[in-house]
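S.K.: Contents of structure-v3.csv (CSV, C-alpha atoms) are given next:
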```
chain,number,residue,atom,x,y,z
Z,961,MET,CA,85.3,76.4,78.8
Z,962,ALA,CA,82.8,75.4,81.3
Z,963,GLY,CA,83.4,72.5,83.8
Z,964,LYS,CA,81.2,69.4,84.1
Z,965,ASN,CA,79.0,71.0,86.8
Z,966,ILE,CA,78.5,74.2,84.8
Z,967,VAL,CA,75.6,74.8,82.5
Z,968,VAL,CA,76.3,77.0,79.5
Z,969,LEU,CA,73.3,79.4,79.5
Z,970,THR,CA,72.0,81.3,76.5
Z,971,ASP,CA,69.1,83.6,75.7
Z,972,ASP,CA,67.3,80.5,74.3
Z,973,ASN,CA,67.7,78.1,77.3
Z,974,PHE,CA,67.6,80.6,80.1
Z,975,GLU,CA,63.9,80.2,80.8
Z,976,LYS,CA,64.1,76.4,81.0
Z,977,GLU,CA,67.4,76.1,82.7
Z,978,VAL,CA,67.1,78.9,85.2
Z,979,LEU,CA,63.6,80.2,85.7
Z,980,GLN,CA,62.0,76.7,85.6
Z,981,SER,CA,64.7,74.9,87.5
Z,982,ASP,CA,63.6,72.7,90.4
Z,983,ILE,CA,66.7,73.7,92.4
Z,984,PRO,CA,68.3,77.1,93.0
Z,985,VAL,CA,70.5,78.4,90.2
Z,986,ILE,CA,73.6,80.6,90.5
Z,987,VAL,CA,74.4,82.5,87.3
Z,988,ASP,CA,77.8,84.0,86.5
Z,989,PHE,CA,77.4,86.8,83.9
Z,990,TRP,CA,80.7,87.2,82.1
Z,991,ALA,CA,82.5,88.0,78.9
Z,992,THR,CA,85.6,86.7,77.1
Z,993,TRP,CA,87.3,90.1,77.2
Z,994,CYS,CA,86.8,90.6,80.9
Z,995,MET,CA,89.9,89.9,82.9
Z,996,PRO,CA,88.3,89.7,86.3
Z,997,CYS,CA,85.8,87.3,84.9
Z,998,LYS,CA,88.6,85.0,83.8
Z,999,MET,CA,90.2,85.1,87.2
Z,1000,PHE,CA,86.8,84.4,88.8
Z,1001,ALA,CA,86.1,81.3,86.6
Z,1002,PRO,CA,88.1,78.7,88.6
Z,1003,THR,CA,86.5,79.8,91.9
Z,1004,PHE,CA,83.0,79.5,90.4
Z,1005,GLU,CA,83.8,76.1,89.0
Z,1006,GLN,CA,85.2,74.8,92.3
Z,1007,VAL,CA,82.1,76.0,94.2
Z,1008,ALA,CA,79.9,74.4,91.5
Z,1009,ASN,CA,81.6,71.1,92.1
Z,1010,GLU,CA,81.1,71.4,95.9
Z,1011,TYR,CA,77.4,72.0,95.6
Z,1012,GLU,CA,76.7,69.3,93.0
Z,1013,GLY,CA,73.1,68.2,93.3
Z,1014,LYS,CA,72.1,71.0,95.7
Z,1015,ALA,CA,72.2,73.9,93.3
Z,1016,LYS,CA,72.7,74.5,89.6
Z,1017,PHE,CA,75.6,76.7,88.4
Z,1018,GLY,CA,75.5,78.4,85.0
Z,1019,LYS,CA,77.5,80.8,83.0
Z,1020,LEU,CA,76.0,83.4,80.6
Z,1021,ASP,CA,78.3,85.1,78.1
Z,1022,THR,CA,76.9,88.7,78.1
Z,1023,ASP,CA,78.4,89.5,74.7
Z,1024,ALA,CA,76.7,86.6,73.0
Z,1025,ASN,CA,73.4,86.8,74.9
Z,1026,PRO,CA,72.4,90.5,75.1
Z,1027,LYS,CA,68.7,89.8,75.7
Z,1028,THR,CA,69.1,88.1,79.0
Z,1029,SER,CA,71.8,90.5,80.1
Z,1030,MET,CA,69.7,93.5,79.4
Z,1031,GLU,CA,66.6,92.0,81.1
Z,1032,TYR,CA,68.6,91.7,84.3
Z,1033,GLY,CA,70.2,95.1,84.0
Z,1034,ILE,CA,73.7,93.8,83.9
Z,1035,ARG,CA,76.1,96.7,83.6
Z,1036,SER,CA,79.2,95.4,85.3
Z,1037,ILE,CA,80.9,92.0,85.1
Z,1038,PRO,CA,81.4,89.6,86.7
Z,1039,THR,CA,78.0,89.8,88.3
Z,1040,VAL,CA,76.6,86.7,90.0
Z,1041,ALA,CA,72.9,86.4,90.3
Z,1042,TYR,CA,71.1,84.0,92.6
Z,1043,PHE,CA,67.8,82.5,91.4
Z,1044,LYS,CA,65.2,80.5,93.4
Z,1045,ASN,CA,61.7,79.5,92.3
Z,1046,GLY,CA,61.9,81.8,89.3
Z,1047,GLU,CA,61.7,84.9,91.5
Z,1048,LYS,CA,63.6,88.2,91.0
Z,1049,PRO,CA,67.2,87.3,91.8
Z,1050,LYS,CA,69.6,88.9,94.3
Z,1051,ALA,CA,73.0,89.7,92.8
Z,1052,THR,CA,76.6,90.4,93.8
Z,1053,ILE,CA,78.8,92.6,91.6
Z,1054,GLY,CA,82.5,92.1,91.1
Z,1055,MET,CA,85.1,89.5,92.1
Z,1056,LEU,CA,84.2,87.2,95.0
Z,1057,SER,CA,86.5,85.1,97.1
Z,1058,LYS,CA,85.6,81.4,97.4
Z,1059,PRO,CA,84.3,81.8,101.0
Z,1060,ASP,CA,82.2,84.8,100.0
Z,1061,LEU,CA,80.6,83.0,97.1
Z,1062,LYS,CA,79.9,79.9,99.3
Z,1063,LYS,CA,78.3,82.2,101.8
Z,1064,ALA,CA,76.1,83.7,99.2
Z,1065,VAL,CA,75.1,80.3,97.9
Z,1066,ASP,CA,74.4,79.1,101.4
Z,1067,ASN,CA,72.1,82.1,102.0
Z,1068,LEU,CA,70.2,81.1,98.8
Z,1069,LEU,CA,69.7,77.5,99.8
W,1071,MET,CA,119.1,89.2,84.7
W,1072,GLY,CA,117.2,91.7,82.5
W,1073,TYR,CA,117.2,91.2,78.8
W,1074,MET,CA,116.3,93.3,75.9
W,1075,ARG,CA,113.0,92.8,73.9
W,1076,GLY,CA,113.4,95.1,70.9
W,1077,GLU,CA,114.6,98.4,72.2
W,1078,LYS,CA,113.0,97.9,75.6
W,1079,ILE,CA,114.3,96.4,78.8
W,1080,MET,CA,112.3,93.5,80.3
W,1081,TYR,CA,112.5,94.0,84.0
W,1082,ASP,CA,112.4,91.0,86.3
W,1083,VAL,CA,110.2,93.0,88.7
W,1084,ILE,CA,108.6,96.3,88.7
W,1085,ILE,CA,107.6,97.7,92.0
W,1086,ILE,CA,104.8,100.3,92.0
W,1087,GLY,CA,105.3,102.6,95.0
W,1088,LYS,CA,108.4,103.8,96.7
W,1089,GLY,CA,107.4,103.8,100.3
W,1090,PRO,CA,109.0,101.4,102.9
W,1091,ALA,CA,107.3,98.2,101.4
W,1092,GLY,CA,108.4,98.8,97.9
W,1093,ILE,CA,111.9,100.0,98.7
W,1094,SER,CA,112.4,97.1,101.2
W,1095,ALA,CA,111.3,94.6,98.5
W,1096,SER,CA,113.7,96.0,96.0
W,1097,LEU,CA,116.5,95.7,98.5
W,1098,TYR,CA,116.1,91.9,98.3
W,1099,THR,CA,115.3,91.6,94.6
W,1100,ALA,CA,118.1,93.9,93.4
W,1101,ARG,CA,120.6,92.3,95.8
W,1102,ALA,CA,119.7,88.9,94.4
W,1103,GLY,CA,120.5,90.2,91.0
W,1104,LEU,CA,117.0,90.7,89.7
W,1105,LYS,CA,116.6,93.6,87.3
W,1106,THR,CA,114.4,95.8,89.5
W,1107,LEU,CA,112.6,99.0,88.7
W,1108,VAL,CA,110.7,101.1,91.3
W,1109,ILE,CA,108.2,103.6,90.0
W,1110,GLY,CA,106.5,106.0,92.3
W,1111,GLY,CA,105.8,109.6,93.2
W,1112,TYR,CA,105.3,111.0,96.6
W,1113,SER,CA,105.2,108.7,99.6
W,1114,ASP,CA,102.9,109.4,102.5
W,1115,LEU,CA,105.8,108.5,104.8
W,1116,SER,CA,107.6,111.8,103.9
W,1117,LYS,CA,104.9,113.6,105.9
W,1118,GLY,CA,105.9,111.7,109.0
W,1119,HIS,CA,107.6,114.3,111.2
W,1120,SER,CA,109.2,111.9,113.6
W,1121,ILE,CA,108.9,108.1,113.5
W,1122,ASP,CA,109.5,106.9,117.1
W,1123,ASN,CA,108.3,103.3,116.8
W,1124,TYR,CA,110.7,101.9,114.2
W,1125,TYR,CA,113.4,99.5,115.3
W,1126,GLY,CA,116.9,100.8,115.7
W,1127,PHE,CA,116.3,104.6,115.7
W,1128,ASP,CA,116.6,105.5,119.4
W,1129,SER,CA,116.0,109.2,118.8
W,1130,GLY,CA,113.3,108.7,116.2
W,1131,ILE,CA,113.8,109.5,112.4
W,1132,SER,CA,111.8,111.7,110.1
W,1133,GLY,CA,109.8,110.0,107.3
W,1134,GLU,CA,111.7,111.9,104.7
W,1135,GLU,CA,115.1,110.9,106.1
W,1136,LEU,CA,114.0,107.3,106.2
W,1137,ILE,CA,113.0,107.4,102.5
W,1138,ILE,CA,116.2,109.2,101.4
W,1139,ARG,CA,118.3,106.6,103.2
W,1140,GLY,CA,116.2,103.7,101.9
W,1141,GLU,CA,116.5,104.9,98.3
W,1142,LYS,CA,120.3,105.4,98.7
W,1143,GLN,CA,120.6,101.9,100.1
W,1144,VAL,CA,118.8,100.2,97.2
W,1145,LYS,CA,120.5,102.2,94.5
W,1146,ARG,CA,123.7,100.8,95.8
W,1147,PHE,CA,122.5,97.3,94.7
W,1148,GLY,CA,121.4,98.5,91.3
W,1149,THR,CA,117.7,99.3,91.7
W,1150,ASP,CA,116.4,101.8,89.2
W,1151,ILE,CA,114.1,104.3,90.7
W,1152,ILE,CA,111.9,106.5,88.6
W,1153,GLY,CA,109.6,109.3,89.7
W,1154,ASP,CA,106.6,108.9,87.5
W,1155,MET,CA,102.8,108.2,87.7
W,1156,VAL,CA,101.6,104.7,86.8
W,1157,ILE,CA,98.3,105.0,84.9
W,1158,ALA,CA,97.7,101.4,83.9
W,1159,LEU,CA,98.8,97.9,84.6
W,1160,GLU,CA,98.1,95.1,82.1
W,1161,TYR,CA,98.5,91.3,82.3
W,1162,GLU,CA,99.6,90.0,79.0
W,1163,ASP,CA,98.9,86.6,77.3
W,1164,ASN,CA,102.6,85.6,77.7
W,1165,GLY,CA,102.2,85.9,81.5
W,1166,PHE,CA,104.2,89.1,81.8
W,1167,TYR,CA,103.1,92.6,82.8
W,1168,LYS,CA,103.0,95.9,81.0
W,1169,VAL,CA,103.2,99.0,83.2
W,1170,LYS,CA,102.1,102.2,81.6
W,1171,THR,CA,103.2,105.5,83.1
W,1172,LYS,CA,102.6,109.1,82.3
W,1173,ASN,CA,105.9,109.2,80.4
W,1174,SER,CA,106.6,105.6,79.2
W,1175,VAL,CA,105.8,101.9,79.1
W,1176,TYR,CA,107.7,99.2,80.8
W,1177,ASP,CA,107.6,95.3,80.8
W,1178,ALA,CA,108.1,93.0,83.7
W,1179,LYS,CA,107.9,89.4,84.7
W,1180,ALA,CA,106.5,90.2,88.1
W,1181,VAL,CA,104.9,93.2,89.7
W,1182,LEU,CA,104.6,94.3,93.3
W,1183,LEU,CA,101.8,96.7,94.2
W,1184,ALA,CA,103.0,98.9,97.1
W,1185,THR,CA,101.3,102.3,96.7
W,1186,GLY,CA,100.1,102.6,100.2
W,1187,SER,CA,96.5,103.0,101.3
W,1188,ASN,CA,94.1,104.9,99.1
W,1189,LYS,CA,93.1,107.8,101.4
W,1190,LYS,CA,92.1,110.1,98.6
W,1191,LYS,CA,89.0,108.2,97.6
W,1192,ILE,CA,86.5,110.7,96.2
W,1193,LYS,CA,83.6,111.5,98.4
W,1194,ILE,CA,80.3,112.2,96.6
W,1195,ASN,CA,76.9,111.4,98.0
W,1196,ASN,CA,75.4,108.1,96.8
W,1197,ILE,CA,78.6,107.1,94.9
W,1198,GLN,CA,78.5,103.7,96.6
W,1199,LYS,CA,74.8,103.2,96.1
W,1200,PHE,CA,75.2,103.1,92.3
W,1201,GLU,CA,78.4,101.0,92.1
W,1202,GLY,CA,77.9,98.6,89.3
W,1203,LYS,CA,74.6,100.4,88.5
W,1204,GLY,CA,75.9,103.5,86.9
W,1205,VAL,CA,79.1,104.0,88.8
W,1206,HIS,CA,82.1,102.1,87.5
W,1207,TYR,CA,85.8,101.8,88.0
W,1208,CYS,CA,86.9,99.8,85.0
W,1209,THR,CA,86.4,101.0,81.4
W,1210,THR,CA,87.7,97.8,79.8
W,1211,CYS,CA,85.4,95.7,81.9
W,1212,ASP,CA,82.2,97.7,82.0
W,1213,GLY,CA,82.5,100.2,79.1
W,1214,TYR,CA,81.0,97.6,76.8
W,1215,PHE,CA,77.6,98.0,78.6
W,1216,TYR,CA,77.5,101.7,77.7
W,1217,ARG,CA,77.9,101.3,73.9
W,1218,GLY,CA,76.4,104.5,72.3
W,1219,LYS,CA,75.3,105.8,75.7
W,1220,LYS,CA,76.0,109.1,77.4
W,1221,VAL,CA,78.7,108.7,80.0
W,1222,ALA,CA,80.9,110.9,82.2
W,1223,LEU,CA,84.5,110.2,83.1
W,1224,LEU,CA,85.4,111.5,86.6
W,1225,GLY,CA,89.0,112.8,86.6
W,1226,TYR,CA,91.4,115.5,85.5
W,1227,ASN,CA,94.8,114.0,84.8
W,1228,GLU,CA,96.7,111.4,82.8
W,1229,TYR,CA,94.9,108.5,84.5
W,1230,ALA,CA,91.6,109.9,83.3
W,1231,LEU,CA,93.0,110.5,79.8
W,1232,ASN,CA,94.1,106.9,79.6
W,1233,GLU,CA,90.6,105.7,80.6
W,1234,LEU,CA,89.0,108.2,78.1
W,1235,GLU,CA,90.9,106.5,75.3
W,1236,ASP,CA,89.4,103.1,76.3
W,1237,MET,CA,85.9,104.6,76.7
W,1238,LYS,CA,85.9,106.2,73.2
W,1239,GLN,CA,85.9,102.7,71.8
W,1240,PHE,CA,82.4,102.2,73.2
W,1241,THR,CA,80.8,105.6,72.9
W,1242,PRO,CA,81.5,109.0,71.4
W,1243,TYR,CA,79.3,110.7,74.1
W,1244,VAL,CA,81.8,111.2,76.8
W,1245,SER,CA,82.1,114.2,79.1
W,1246,ILE,CA,84.8,114.9,81.6
W,1247,LEU,CA,83.8,115.8,85.1
W,1248,THR,CA,86.7,117.3,87.1
W,1249,ASN,CA,84.8,117.9,90.4
W,1250,GLY,CA,86.3,121.3,90.9
W,1251,MET,CA,89.9,120.4,89.7
W,1252,GLU,CA,91.5,122.2,86.8
W,1253,PRO,CA,92.4,119.6,84.0
W,1254,VAL,CA,96.1,119.1,83.9
W,1255,VAL,CA,96.1,117.3,80.5
W,1256,ASP,CA,94.7,118.1,77.1
W,1257,PHE,CA,91.5,116.0,76.7
W,1258,GLY,CA,91.0,117.1,73.1
W,1259,GLU,CA,87.6,118.0,71.7
W,1260,ILE,CA,85.4,116.9,74.5
W,1261,GLU,CA,83.0,118.6,77.0
W,1262,ILE,CA,84.7,119.4,80.3
W,1263,ILE,CA,82.6,120.3,83.3
W,1264,THR,CA,84.7,121.6,86.2
W,1265,LYS,CA,81.8,122.2,88.6
W,1266,LYS,CA,81.9,120.5,92.0
W,1267,ILE,CA,79.5,117.6,92.3
W,1268,LYS,CA,77.1,117.4,95.1
W,1269,SER,CA,75.4,114.0,94.6
W,1270,LEU,CA,74.4,111.3,92.3
W,1271,GLU,CA,70.7,110.6,91.8
W,1272,GLY,CA,68.5,107.9,90.4
W,1273,ASP,CA,66.3,105.0,91.5
W,1274,GLU,CA,67.8,101.7,91.0
W,1275,TYR,CA,70.3,103.0,88.4
W,1276,LEU,CA,72.1,106.3,88.1
W,1277,ASP,CA,70.1,109.0,86.3
W,1278,LYS,CA,71.9,112.2,86.9
W,1279,VAL,CA,74.8,114.1,88.4
W,1280,VAL,CA,73.7,117.1,90.6
W,1281,TYR,CA,76.3,119.9,91.0
W,1282,GLU,CA,76.8,122.1,94.1
W,1283,ASP,CA,75.2,125.0,92.2
W,1284,GLY,CA,71.9,123.0,92.0
W,1285,GLN,CA,72.1,122.3,88.3
W,1286,TYR,CA,72.4,118.8,87.0
W,1287,ASP,CA,73.3,116.7,83.9
W,1288,GLU,CA,71.8,113.3,83.0
W,1289,PHE,CA,74.2,110.5,82.4
W,1290,ASP,CA,73.7,106.7,81.9
W,1291,GLY,CA,77.0,106.0,83.7
W,1292,ILE,CA,80.0,107.5,85.4
W,1293,PHE,CA,83.5,106.0,85.2
W,1294,VAL,CA,85.8,107.0,88.0
W,1295,ALA,CA,89.5,107.7,87.2
W,1296,TYR,CA,90.1,110.4,89.8
W,1297,GLY,CA,93.5,111.5,91.1
W,1298,THR,CA,96.3,108.9,91.2
W,1299,ALA,CA,95.4,105.3,90.5
W,1300,SER,CA,95.9,103.2,93.6
W,1301,SER,CA,97.1,99.6,94.0
W,1302,ALA,CA,93.5,98.7,94.6
W,1303,ASP,CA,92.5,100.3,91.3
W,1304,PHE,CA,95.0,98.3,89.3
W,1305,ALA,CA,94.2,95.1,91.2
W,1306,ARG,CA,90.5,95.4,90.7
W,1307,LYS,CA,90.9,95.7,86.9
W,1308,LEU,CA,93.0,92.6,86.8
W,1309,GLY,CA,90.6,90.5,88.9
W,1310,VAL,CA,92.4,90.5,92.2
W,1311,ILE,CA,90.3,89.7,95.2
W,1312,ILE,CA,89.9,92.9,97.3
W,1313,ASN,CA,88.3,93.0,100.7
W,1314,GLY,CA,87.0,96.5,101.3
W,1315,ASN,CA,90.0,98.5,100.0
W,1316,ILE,CA,92.6,96.0,101.1
W,1317,ILE,CA,94.1,93.7,98.5
W,1318,GLY,CA,93.8,90.1,99.3
W,1319,VAL,CA,97.2,88.4,99.7
W,1320,ASP,CA,98.4,85.1,101.1
W,1321,GLU,CA,101.3,84.6,103.6
W,1322,ASP,CA,103.8,85.0,100.7
W,1323,GLN,CA,102.2,88.4,99.8
W,1324,LYS,CA,100.9,86.8,96.6
W,1325,THR,CA,97.6,87.9,95.1
W,1326,ASN,CA,95.4,85.4,93.3
W,1327,ILE,CA,97.1,86.4,90.0
W,1328,GLN,CA,100.3,84.8,88.9
W,1329,GLY,CA,103.3,87.0,89.3
W,1330,LEU,CA,101.4,89.8,91.0
W,1331,PHE,CA,102.3,90.6,94.7
W,1332,ALA,CA,101.2,93.3,97.1
W,1333,ALA,CA,102.7,94.6,100.3
W,1334,GLY,CA,102.4,97.4,102.8
W,1335,ASP,CA,99.4,99.5,103.6
W,1336,CYS,CA,97.5,98.6,100.4
W,1337,SER,CA,97.4,94.9,101.5
W,1338,SER,CA,97.3,95.2,105.3
W,1339,SER,CA,95.0,96.4,108.0
W,1340,ILE,CA,97.9,97.4,110.2
W,1341,LYS,CA,99.5,100.4,108.6
W,1342,GLN,CA,103.0,100.7,110.2
W,1343,VAL,CA,106.5,101.3,108.7
W,1344,ALA,CA,107.6,98.1,110.4
W,1345,THR,CA,104.9,95.9,108.9
W,1346,ALA,CA,105.4,97.5,105.5
W,1347,VAL,CA,109.1,96.8,105.6
W,1348,GLY,CA,108.4,93.2,106.8
W,1349,GLN,CA,105.9,92.5,104.1
W,1350,GLY,CA,108.2,94.1,101.5
W,1351,CYS,CA,110.9,91.7,102.6
W,1352,VAL,CA,108.6,88.7,102.3
W,1353,ALA,CA,107.3,89.9,98.9
W,1354,GLY,CA,110.9,90.5,97.7
W,1355,MET,CA,112.0,87.0,98.6
W,1356,LYS,CA,109.0,85.4,97.1
W,1357,ILE,CA,109.4,87.4,93.9
W,1358,ILE,CA,113.0,86.2,93.6
W,1359,GLU,CA,111.7,82.6,93.9
W,1360,TYR,CA,108.9,83.2,91.4
W,1361,VAL,CA,111.2,84.8,88.8
W,1362,ARG,CA,113.9,82.1,89.1
W,1363,ASN,CA,111.3,79.4,88.7
W,1364,LEU,CA,110.1,81.0,85.5
W,1365,GLY,CA,113.5,80.3,83.9
W,1366,ARG,CA,113.3,76.6,84.7
```
Let's see the structure in the file written out as structure tokens.
M.R.:
Amino acid sequence: MAGKNIVVLTDDNFEKEVLQSDIPVIVDFWATWCMPCKMFAPTFEQVANEYEGKAKFGKLDTDANPKTSMEYGIRSIPTVAYFKNGEKPKATIGMLSKPDLKKAVDNLL
Amino acid sequence: MGYMRGEKIMYDVIIIGKGPAGISASLYTARAGLKTLVIGGYSDLSKGHSIDNYYGFDSGISGEELIIRGEKQVKRFGTDIIGDMVIALEYEDNGFYKVKTKNSVYDAKAVLLATGSNKKKIKINNIQKFEGKGVHYCTTCDGYFYRGKKVALLGYNEYALNELEDMKQFTPYVSILTNGMEPVVDFGEIEIITKKIKSLEGDEYLDKVVYEDGQYDEFDGIFVAYGTASSADFARKLGVIINGNIIGVDEDQKTNIQGLFAAGDCSSSIKQVATAVGQGCVAGMKIIEYVRNLGR
């Protein structure tokens, strides 16, 4: 379940919600069967709440949305990708602590 | 405090690793009446010729002697100690843990990771460059992205065999790369390459494995399950925060996952017997608190 500050991303809305977004977007690529992804979810949600209005936070289920996952070469989850102005994103692979995620978001802003 | 679930014993706590951190923790948990199992093989401490900086031993003590005394001490309080190799740790929906070893499977309400530091990390040129981009450490997490692809599993023992079973769910095209080791288990009908690996090559993603003899094989991905699984290996697969190779814990030796603790060299930058014993003590006491609160 996504929190109030988390956008549920899909192959269909990715272009509009991420690439055409006016503010930077942080995307968590995850899957239901991925244990580290489940453990990472609360951290992602907390940081999303802290950056409300400054950046958009979205989650994309790689299982249900293979097109976008393949397009960005996702082979390991959780992967967090950092989008700004529709440019090719930077990414971090694996679990992140809250301070590390915040640092990555601050670098993007 | 242990109870039977079917034929099997549910342990209050399973401690993976029988060095000073694990044994020290079990001293507290067993003495408090918790059904405690310690699983481990060889401890690095046994190589210590003479430990001169541990409190109370004015003429020093050998690592081996310290281990023997520690084990004897905790057995007195009812700790079960098993010499076995842990190959997988799973967190179950009921909040308990399943510990798979070479020879058996055990259940526990809490787990302490205390396998020491992972010094045997495999060294192959470019292995870090392709992490997450062709080099992976978790078949259950990342195997999905290699459905029907050609992959290699780097390993030679029970740990690799366990990962192979997971990997086969995703693709039949799996080869075993032993990097110069002789396989110690029967991998079945599968290609086994025992040549030493020189480097991994590719642009952004892994393309091929180059051997020391100059030959190469192309693979879409490599899954590493080499040697004995370390605490960091188990932790990573469960979603524990790891900094470098050190498992992230709070002042209570708790990881970010409920019921999972870590102590000693695997969770500390200072790698001393005294700190391992101290952290084992803290972990033991906090595990007692955790298990008792579960029953409320």
S.K.: Per residue of chain Z within 10 Å of chain W, note the shortest atom pair and the distance in Å to one decimal, counting only C-alpha atoms, and order the rows by chain and increasing residue number, as JSON lines.
M.R.:
```
{"residue": "Z:Trp990", "atom": "CA", "partner": "W:Cys1211", "partner_atom": "CA", "distance": 9.7}
{"residue": "Z:Ala991", "atom": "CA", "partner": "W:Cys1211", "partner_atom": "CA", "distance": 8.8}
{"residue": "Z:Trp993", "atom": "CA", "partner": "W:Cys1211", "partner_atom": "CA", "distance": 7.6}
{"residue": "Z:Cys994", "atom": "CA", "partner": "W:Cys1211", "partner_atom": "CA", "distance": 5.4}
{"residue": "Z:Met995", "atom": "CA", "partner": "W:Leu1308", "partner_atom": "CA", "distance": 5.7}
{"residue": "Z:Pro996", "atom": "CA", "partner": "W:Gly1309", "partner_atom": "CA", "distance": 3.6}
{"residue": "Z:Cys997", "atom": "CA", "partner": "W:Gly1309", "partner_atom": "CA", "distance": 7.0}
{"residue": "Z:Lys998", "atom": "CA", "partner": "W:Gly1309", "partner_atom": "CA", "distance": 7.8}
{"residue": "Z:Met999", "atom": "CA", "partner": "W:Gly1309", "partner_atom": "CA", "distance": 5.7}
{"residue": "Z:Phe1000", "atom": "CA", "partner": "W:Gly1309", "partner_atom": "CA", "distance": 7.2}
{"residue": "Z:Thr1022", "atom": "CA", "partner": "W:Phe1215", "partner_atom": "CA", "distance": 9.3}
{"residue": "Z:Asp1023", "atom": "CA", "partner": "W:Tyr1214", "partner_atom": "CA", "distance": 8.8}
{"residue": "Z:Pro1026", "atom": "CA", "partner": "W:Phe1215", "partner_atom": "CA", "distance": 9.8}
{"residue": "Z:Ser1029", "atom": "CA", "partner": "W:Phe1215", "partner_atom": "CA", "distance": 9.6}
{"residue": "Z:Met1030", "atom": "CA", "partner": "W:Phe1215", "partner_atom": "CA", "distance": 9.1}
{"residue": "Z:Gly1033", "atom": "CA", "partner": "W:Lys1203", "partner_atom": "CA", "distance": 8.2}
{"residue": "Z:Ile1034", "atom": "CA", "partner": "W:Phe1215", "partner_atom": "CA", "distance": 7.8}
{"residue": "Z:Arg1035", "atom": "CA", "partner": "W:Phe1215", "partner_atom": "CA", "distance": 5.4}
{"residue": "Z:Ser1036", "atom": "CA", "partner": "W:Asp1212", "partner_atom": "CA", "distance": 5.0}
{"residue": "Z:Ile1037", "atom": "CA", "partner": "W:Asp1212", "partner_atom": "CA", "distance": 6.6}
{"residue": "Z:Pro1038", "atom": "CA", "partner": "W:Cys1211", "partner_atom": "CA", "distance": 8.7}
{"residue": "Z:Thr1039", "atom": "CA", "partner": "W:Gly1202", "partner_atom": "CA", "distance": 8.9}
{"residue": "Z:Thr1052", "atom": "CA", "partner": "W:Gly1202", "partner_atom": "CA", "distance": 9.4}
{"residue": "Z:Ile1053", "atom": "CA", "partner": "W:Gly1202", "partner_atom": "CA", "distance": 6.5}
{"residue": "Z:Gly1054", "atom": "CA", "partner": "W:Gly1202", "partner_atom": "CA", "distance": 8.2}
{"residue": "Z:Met1055", "atom": "CA", "partner": "W:Ile1311", "partner_atom": "CA", "distance": 6.1}
{"residue": "Z:Leu1056", "atom": "CA", "partner": "W:Ile1311", "partner_atom": "CA", "distance": 6.6}
{"residue": "Z:Ser1057", "atom": "CA", "partner": "W:Ile1311", "partner_atom": "CA", "distance": 6.3}
{"residue": "Z:Lys1058", "atom": "CA", "partner": "W:Ile1311", "partner_atom": "CA", "distance": 9.8}
```
S.K.: Using only C-alpha atoms, find the one residue out of W:Gly1297, W:Met1251, W:Gly1140, W:Tyr1125 that sits nearest to Val1156 in chain W.
M.R.: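 Among the listed residues, W:Gly1297 lies closest to Val1156 in chain W.
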S.K.: Could you state the separation of CA of Tyr1124 in chain W and CA of Met1155 in chain W in Å, given to one decimal place?
M.R.: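 CA of Tyr1124 in chain W sits 28.4 Å away from CA of Met1155 in chain W.
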S.K.: Please, what distance in Å, to one decimal, runs between CA of Phe1004 in chain Z and CA of Leu1020 in chain Z?
M.R.: 12.7 Å
S.K.: What does the structure give for the distance between CA of Ser1339 in chain W and CA of Ile1316 in chain W, in Å to one decimal?
M.R.: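 Distance reported for this atom pair: 7.3 Å.
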S.K.: Check the smallest atom-to-atom distance from each of W:Ile1121, W:Leu1097, W:Leu1107, W:Ile1079 to Val1144 in chain W using all atoms listed in the file, then report the winner.
M.R.: W:Leu1097
S.K.: Select, from Z:Pro1002, Z:Gly963, Z:Gly1013, Z:Gly1018, the residue with the minimum atom-to-atom distance to Phe1043 in chain Z, counting only C-alpha atoms.
M.R.: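 Checking each of Z:Pro1002, Z:Gly963, Z:Gly1013, Z:Gly1018 against Phe1043 in chain Z, counting only C-alpha atoms, the winner is Z:Gly1018.
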S.K.: Since the input lacks some atoms of range 1009-1015 of chain Z, please model N, CA and C atoms and print them as a PDB file, in the coordinates of the input.
M.R.:
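selection21.pdb, written as the output of this step:
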```
ATOM      1  N   ASN Z1009      81.325  72.480  91.864  1.00  0.00           N
ATOM      2  CA  ASN Z1009      81.600  71.100  92.100  1.00  0.00           C
ATOM      3  C   ASN Z1009      81.203  70.696  93.579  1.00  0.00           C
ATOM      4  N   GLU Z1010      81.450  71.626  94.492  1.00  0.00           N
ATOM      5  CA  GLU Z1010      81.100  71.400  95.900  1.00  0.00           C
ATOM      6  C   GLU Z1010      79.626  71.276  96.168  1.00  0.00           C
ATOM      7  N   TYR Z1011      78.848  71.972  95.352  1.00  0.00           N
ATOM      8  CA  TYR Z1011      77.400  72.000  95.600  1.00  0.00           C
ATOM      9  C   TYR Z1011      76.625  71.132  94.585  1.00  0.00           C
ATOM     10  N   GLU Z1012      77.334  70.198  93.976  1.00  0.00           N
ATOM     11  CA  GLU Z1012      76.700  69.300  93.000  1.00  0.00           C
ATOM     12  C   GLU Z1012      75.450  68.669  93.550  1.00  0.00           C
ATOM     13  N   GLY Z1013      74.351  68.793  92.826  1.00  0.00           N
ATOM     14  CA  GLY Z1013      73.100  68.200  93.300  1.00  0.00           C
ATOM     15  C   GLY Z1013      72.226  69.106  94.123  1.00  0.00           C
ATOM     16  N   LYS Z1014      72.876  70.073  94.808  1.00  0.00           N
ATOM     17  CA  LYS Z1014      72.100  71.000  95.700  1.00  0.00           C
ATOM     18  C   LYS Z1014      71.695  72.240  94.954  1.00  0.00           C
ATOM     19  N   ALA Z1015      72.549  72.702  94.051  1.00  0.00           N
ATOM     20  CA  ALA Z1015      72.200  73.900  93.300  1.00  0.00           C
ATOM     21  C   ALA Z1015      72.820  73.758  91.888  1.00  0.00           C
TER      22      ALA Z1015
END
```
